[in-house]
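Participant: There's a structure below that I have some questions on.
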Amino acid sequence: MTARRGELAANLAAVHERIDRACLDAGRDPAELTLIVVTKTYPVEDVVILAELGVREFGENRHPEAGRKFAALAELVPDADVRLHFLGGLQTNKAGAVARYADVVHSVDRVRLVEGLSRGALAAGRELGALVEVDFSGEPGRAGVAPEGVGALAAEIAAAPGLRLDGVMTVAPLGVDPASCFAELVAIGGRLRAVHPAATMISAGMSGDLEQAVAAGATHLRVGRSILGERPEMT
Ligand SMILES: *Cc1c(COP(=O)(O)O)cnc(C)c1O
């Protein structure tokens, strides 16, 4: 076993232990939680090791890095049945390209993006999952729609050919208590499910706040640093 393989295996096990403990505290079944391992900025060699360790849900946040990495993974581990979650800000003119390789896009926050993803999914003959990204900071320029805007954007996704409305996502803003932010997201997700019963995903919780997300009722956790290590400065 290489040093990196040992390190990734140990970190992955530690994160699963954190999730199990948080589930125990919250009276939840760990089977309700899906861990998405966020490999952005890390090389495809790490993705391959993680796939060999049994990881099947991967997150990336940049095009074209995400597409390149997953094409390489498909060649290196052809029988790994993996799912790619696209998490990052996405320019409308890149939506078509991302729709060709992503399985779920967590960061849908405007109608133009819905249109671009829908066109791309149709052109590729694929069905693409889409989550409404919700912003609880109220700051202009931040990704995500305000809570009041979720219903309208969700209706656009649900009506868009090639797209499947899967649920809601948030990144807790700095300086805001993640627990209250995730509780609000779960409440919004519940109201959405009353209208769109299949939209069951609640994507919340990262390396620093996954316990709060489990306690609030998240279904999907997006964890990078706790498994892969601190990322080099992003430029
Ligand atoms: C990078 C990223 C994550 C993972 O964050 P860590 O702090 O590395 O666990 C989760 N969600 C989104 C949207 C990200 O961009």
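Going by the structure tokens order, chains are called A, B, ..., each with residues numbered from 1, while ligands are numbered from 1 in the order shown.
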Pick out the residues no farther than 10 Å from ligand 1, counting only C-alpha atoms and all ligand atoms, and list them as a PyMOL selection string.
Facilitator: chain A and resi 36-41+59-62+85-89+106-107+133+143+169-172+203-210+221-231
Participant: Pick out each residue of region 2-78 of chain A that DSSP on the backbone tags as helix (DSSP H, G or I); I need them as JSON, numbers by chain.
Facilitator: {"A": [3, 4, 5, 6, 7, 8, 9, 10, 11, 12, 13, 14, 15, 16, 17, 18, 19, 20, 21, 22, 23, 24, 25, 26, 30, 31, 32, 44, 45, 46, 47, 48, 49, 50, 51, 52, 65, 66, 67, 68, 69, 70, 71, 72, 73, 74, 75, 76]}
Participant: Limited to N, CA and C atoms, could you put the picked residues into a file as a compact mmCIF listing (two decimals), in the first residue's frame?
Facilitator:
# COMPACT_ATOMS: atom_id res chain seq x y z
N ALA A 3 1.96 5.22 0.51
CA ALA A 3 1.67 6.12 1.63
C ALA A 3 0.38 6.89 1.39
N ARG A 4 0.18 7.36 0.16
CA ARG A 4 -1.02 8.16 -0.13
C ARG A 4 -2.28 7.31 0.03
N ARG A 5 -2.20 6.06 -0.43
CA ARG A 5 -3.35 5.17 -0.31
C ARG A 5 -3.71 4.96 1.17
N GLY A 6 -2.67 4.76 1.99
CA GLY A 6 -2.91 4.57 3.41
C GLY A 6 -3.53 5.80 4.06
N GLU A 7 -3.02 6.96 3.64
CA GLU A 7 -3.53 8.22 4.19
C GLU A 7 -5.01 8.44 3.81
N LEU A 8 -5.32 8.21 2.53
CA LEU A 8 -6.71 8.41 2.08
C LEU A 8 -7.64 7.41 2.75
N ALA A 9 -7.17 6.16 2.90
CA ALA A 9 -8.01 5.14 3.54
C ALA A 9 -8.30 5.51 4.99
N ALA A 10 -7.26 6.00 5.70
CA ALA A 10 -7.44 6.37 7.11
C ALA A 10 -8.37 7.58 7.23
N ASN A 11 -8.17 8.58 6.38
CA ASN A 11 -9.02 9.78 6.45
C ASN A 11 -10.47 9.45 6.12
N LEU A 12 -10.65 8.58 5.13
CA LEU A 12 -12.01 8.18 4.74
C LEU A 12 -12.70 7.46 5.91
N ALA A 13 -11.94 6.58 6.55
CA ALA A 13 -12.51 5.85 7.69
C ALA A 13 -12.86 6.81 8.82
N ALA A 14 -12.00 7.82 9.04
CA ALA A 14 -12.26 8.78 10.12
C ALA A 14 -13.52 9.59 9.83
N VAL A 15 -13.72 9.96 8.57
CA VAL A 15 -14.93 10.71 8.22
C VAL A 15 -16.17 9.84 8.39
N HIS A 16 -16.08 8.58 7.98
CA HIS A 16 -17.23 7.69 8.21
C HIS A 16 -17.53 7.54 9.70
N GLU A 17 -16.46 7.52 10.51
CA GLU A 17 -16.69 7.46 11.97
C GLU A 17 -17.39 8.71 12.48
N ARG A 18 -16.98 9.88 11.96
CA ARG A 18 -17.64 11.12 12.36
C ARG A 18 -19.13 11.08 11.98
N ILE A 19 -19.40 10.58 10.78
CA ILE A 19 -20.80 10.51 10.33
C ILE A 19 -21.58 9.54 11.21
N ASP A 20 -20.98 8.39 11.52
CA ASP A 20 -21.67 7.39 12.35
C ASP A 20 -21.97 7.96 13.73
N ARG A 21 -20.99 8.67 14.31
CA ARG A 21 -21.19 9.25 15.63
C ARG A 21 -22.28 10.33 15.59
N ALA A 22 -22.25 11.16 14.55
CA ALA A 22 -23.28 12.21 14.42
C ALA A 22 -24.66 11.58 14.25
N CYS A 23 -24.72 10.47 13.52
CA CYS A 23 -26.01 9.78 13.34
C CYS A 23 -26.50 9.21 14.67
N LEU A 24 -25.57 8.64 15.43
CA LEU A 24 -25.93 8.09 16.74
C LEU A 24 -26.51 9.20 17.62
N ASP A 25 -25.82 10.36 17.65
CA ASP A 25 -26.28 11.50 18.45
C ASP A 25 -27.65 11.99 18.00
N ALA A 26 -27.90 11.92 16.68
CA ALA A 26 -29.14 12.47 16.13
C ALA A 26 -30.24 11.43 16.02
N PRO A 30 -27.18 5.73 9.62
CA PRO A 30 -26.15 6.17 8.67
C PRO A 30 -26.48 5.84 7.21
N ALA A 31 -27.34 4.86 6.99
CA ALA A 31 -27.71 4.50 5.62
C ALA A 31 -28.49 5.63 4.94
N GLU A 32 -29.00 6.58 5.74
CA GLU A 32 -29.72 7.72 5.15
C GLU A 32 -28.78 8.77 4.57
N VAL A 44 -5.98 13.07 -10.59
CA VAL A 44 -6.80 11.90 -10.92
C VAL A 44 -6.27 10.65 -10.22
N GLU A 45 -4.96 10.63 -9.89
CA GLU A 45 -4.42 9.47 -9.16
C GLU A 45 -5.15 9.28 -7.83
N ASP A 46 -5.47 10.40 -7.16
CA ASP A 46 -6.21 10.31 -5.90
C ASP A 46 -7.63 9.79 -6.14
N VAL A 47 -8.23 10.25 -7.23
CA VAL A 47 -9.59 9.80 -7.55
C VAL A 47 -9.60 8.29 -7.80
N VAL A 48 -8.57 7.82 -8.49
CA VAL A 48 -8.47 6.38 -8.76
C VAL A 48 -8.33 5.59 -7.46
N ILE A 49 -7.45 6.07 -6.56
CA ILE A 49 -7.29 5.37 -5.27
C ILE A 49 -8.61 5.33 -4.52
N LEU A 50 -9.30 6.47 -4.49
CA LEU A 50 -10.58 6.53 -3.78
C LEU A 50 -11.59 5.57 -4.40
N ALA A 51 -11.60 5.50 -5.72
CA ALA A 51 -12.52 4.56 -6.39
C ALA A 51 -12.16 3.13 -5.99
N GLU A 52 -10.86 2.84 -5.91
CA GLU A 52 -10.43 1.50 -5.50
C GLU A 52 -10.80 1.23 -4.05
N GLU A 65 -11.77 21.05 -15.51
CA GLU A 65 -11.02 20.11 -14.67
C GLU A 65 -11.86 18.86 -14.37
N ALA A 66 -13.12 19.06 -14.03
CA ALA A 66 -13.98 17.95 -13.64
C ALA A 66 -14.13 16.94 -14.78
N GLY A 67 -14.38 17.43 -15.97
CA GLY A 67 -14.60 16.56 -17.12
C GLY A 67 -13.35 15.76 -17.47
N ARG A 68 -12.21 16.45 -17.44
CA ARG A 68 -10.94 15.78 -17.76
C ARG A 68 -10.67 14.65 -16.78
N LYS A 69 -10.86 14.95 -15.48
CA LYS A 69 -10.55 13.97 -14.45
C LYS A 69 -11.43 12.73 -14.57
N PHE A 70 -12.69 12.95 -14.87
CA PHE A 70 -13.61 11.81 -14.89
C PHE A 70 -13.51 11.00 -16.16
N ALA A 71 -13.07 11.64 -17.24
CA ALA A 71 -12.77 10.87 -18.45
C ALA A 71 -11.58 9.96 -18.16
N ALA A 72 -10.56 10.49 -17.46
CA ALA A 72 -9.38 9.69 -17.12
C ALA A 72 -9.77 8.55 -16.18
N LEU A 73 -10.61 8.82 -15.21
CA LEU A 73 -11.04 7.78 -14.27
C LEU A 73 -11.75 6.65 -15.02
N ALA A 74 -12.61 7.02 -15.97
CA ALA A 74 -13.37 6.01 -16.72
C ALA A 74 -12.42 5.08 -17.47
N GLU A 75 -11.28 5.63 -17.93
CA GLU A 75 -10.32 4.78 -18.64
C GLU A 75 -9.52 3.90 -17.68
N LEU A 76 -9.17 4.47 -16.51
CA LEU A 76 -8.30 3.75 -15.59
C LEU A 76 -9.06 2.70 -14.77
Participant: Which residue gives the smallest distance to Leu35 (chain A) among A:Val195, A:Val132, A:Ala158, A:Ala213, with only C-alpha atoms counted?
Facilitator: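 Among A:Val195, A:Val132, A:Ala158, A:Ala213, it is A:Ala213 that comes nearest to Leu35 (chain A).
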Participant: Write out as CSV the residues of region 149-235 of chain A that have any atom within 10 Å of an atom of region 92-104 of chain A, one row each with the nearest atom pair and its distance in Å to one decimal, counting only C-alpha atoms, sorted by chain and then rising number.
Facilitator:
residue,atom,partner,partner_atom,distance
A:Gly162,CA,A:Ala99,CA,9.6
A:Leu163,CA,A:Val104,CA,9.4
A:Arg164,CA,A:Val104,CA,8.9
A:Leu165,CA,A:Val104,CA,9.6
A:Asp166,CA,A:Val104,CA,8.3
Participant: Give me a file of those residues, with N, CA and C atoms, as a compact mmCIF listing (two decimals), in the first residue's frame.
Facilitator:
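The result, written out as selection-v8.txt:
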# COMPACT_ATOMS: atom_id res chain seq x y z
N GLY A 162 -35.10 16.85 -19.89
CA GLY A 162 -33.73 16.38 -19.66
C GLY A 162 -33.26 16.59 -18.23
N LEU A 163 -33.98 17.38 -17.45
CA LEU A 163 -33.57 17.62 -16.06
C LEU A 163 -34.52 16.92 -15.09
N ARG A 164 -33.95 16.53 -13.95
CA ARG A 164 -34.73 15.90 -12.88
C ARG A 164 -34.50 16.72 -11.62
N LEU A 165 -35.55 17.23 -11.02
CA LEU A 165 -35.41 18.02 -9.80
C LEU A 165 -35.12 17.08 -8.64
N ASP A 166 -33.92 17.18 -8.07
CA ASP A 166 -33.52 16.24 -7.01
C ASP A 166 -33.62 16.82 -5.60
Participant: Report as a PyMOL selection string all protein, DNA and RNA residues lying within 8 Å of Val82 (chain A), evaluated on only C-alpha atoms, omitting residues in the same chain fewer than 6 positions from it.
Facilitator: chain A and resi 51+55-58
Participant: From a backbone DSSP assignment, name each residue in region 35-214 of chain A labelled strand (DSSP E), as a PDB file with C-alpha atoms, in the first residue's frame.
Facilitator:
ATOM      1  CA  LEU A  35     -20.942  10.899   1.408  1.00  0.00           C
ATOM      2  CA  ILE A  36     -19.754  12.768  -1.675  1.00  0.00           C
ATOM      3  CA  VAL A  37     -15.947  12.977  -1.729  1.00  0.00           C
ATOM      4  CA  VAL A  38     -14.892  16.358  -3.143  1.00  0.00           C
ATOM      5  CA  GLU A  57     -19.842   9.525  -5.326  1.00  0.00           C
ATOM      6  CA  PHE A  58     -17.400  12.252  -6.308  1.00  0.00           C
ATOM      7  CA  GLY A  59     -17.710  16.037  -6.272  1.00  0.00           C
ATOM      8  CA  GLU A  60     -15.909  18.589  -8.442  1.00  0.00           C
ATOM      9  CA  ARG A  83     -21.455   9.352 -10.012  1.00  0.00           C
ATOM     10  CA  LEU A  84     -20.132  12.847 -10.543  1.00  0.00           C
ATOM     11  CA  HIS A  85     -21.658  15.745  -8.622  1.00  0.00           C
ATOM     12  CA  PHE A  86     -20.900  19.186 -10.035  1.00  0.00           C
ATOM     13  CA  VAL A 104     -26.086  15.802 -10.637  1.00  0.00           C
ATOM     14  CA  VAL A 105     -25.523  19.578 -10.615  1.00  0.00           C
ATOM     15  CA  HIS A 106     -25.876  20.991  -7.079  1.00  0.00           C
ATOM     16  CA  SER A 107     -25.373  24.642  -7.950  1.00  0.00           C
ATOM     17  CA  VAL A 108     -28.410  25.641 -10.006  1.00  0.00           C
ATOM     18  CA  LEU A 128     -29.340  15.224 -15.364  1.00  0.00           C
ATOM     19  CA  GLY A 129     -30.197  15.687 -11.695  1.00  0.00           C
ATOM     20  CA  ALA A 130     -30.436  19.294 -10.523  1.00  0.00           C
ATOM     21  CA  LEU A 131     -30.529  20.876  -7.063  1.00  0.00           C
ATOM     22  CA  VAL A 132     -31.577  24.431  -6.275  1.00  0.00           C
ATOM     23  CA  GLU A 133     -28.697  26.150  -4.476  1.00  0.00           C
ATOM     24  CA  LEU A 163     -33.571  17.618 -16.061  1.00  0.00           C
ATOM     25  CA  ARG A 164     -34.728  15.898 -12.877  1.00  0.00           C
ATOM     26  CA  LEU A 165     -35.407  18.022  -9.802  1.00  0.00           C
ATOM     27  CA  ASP A 166     -33.518  16.239  -7.014  1.00  0.00           C
ATOM     28  CA  GLY A 167     -33.703  18.717  -4.104  1.00  0.00           C
ATOM     29  CA  VAL A 168     -31.823  21.594  -2.489  1.00  0.00           C
ATOM     30  CA  MET A 169     -28.251  22.485  -1.563  1.00  0.00           C
ATOM     31  CA  MET A 201     -31.930  15.397  -1.663  1.00  0.00           C
ATOM     32  CA  ILE A 202     -30.727  17.801   1.037  1.00  0.00           C
ATOM     33  CA  SER A 203     -27.104  18.583   0.183  1.00  0.00           C
TER      34      SER A 203
END
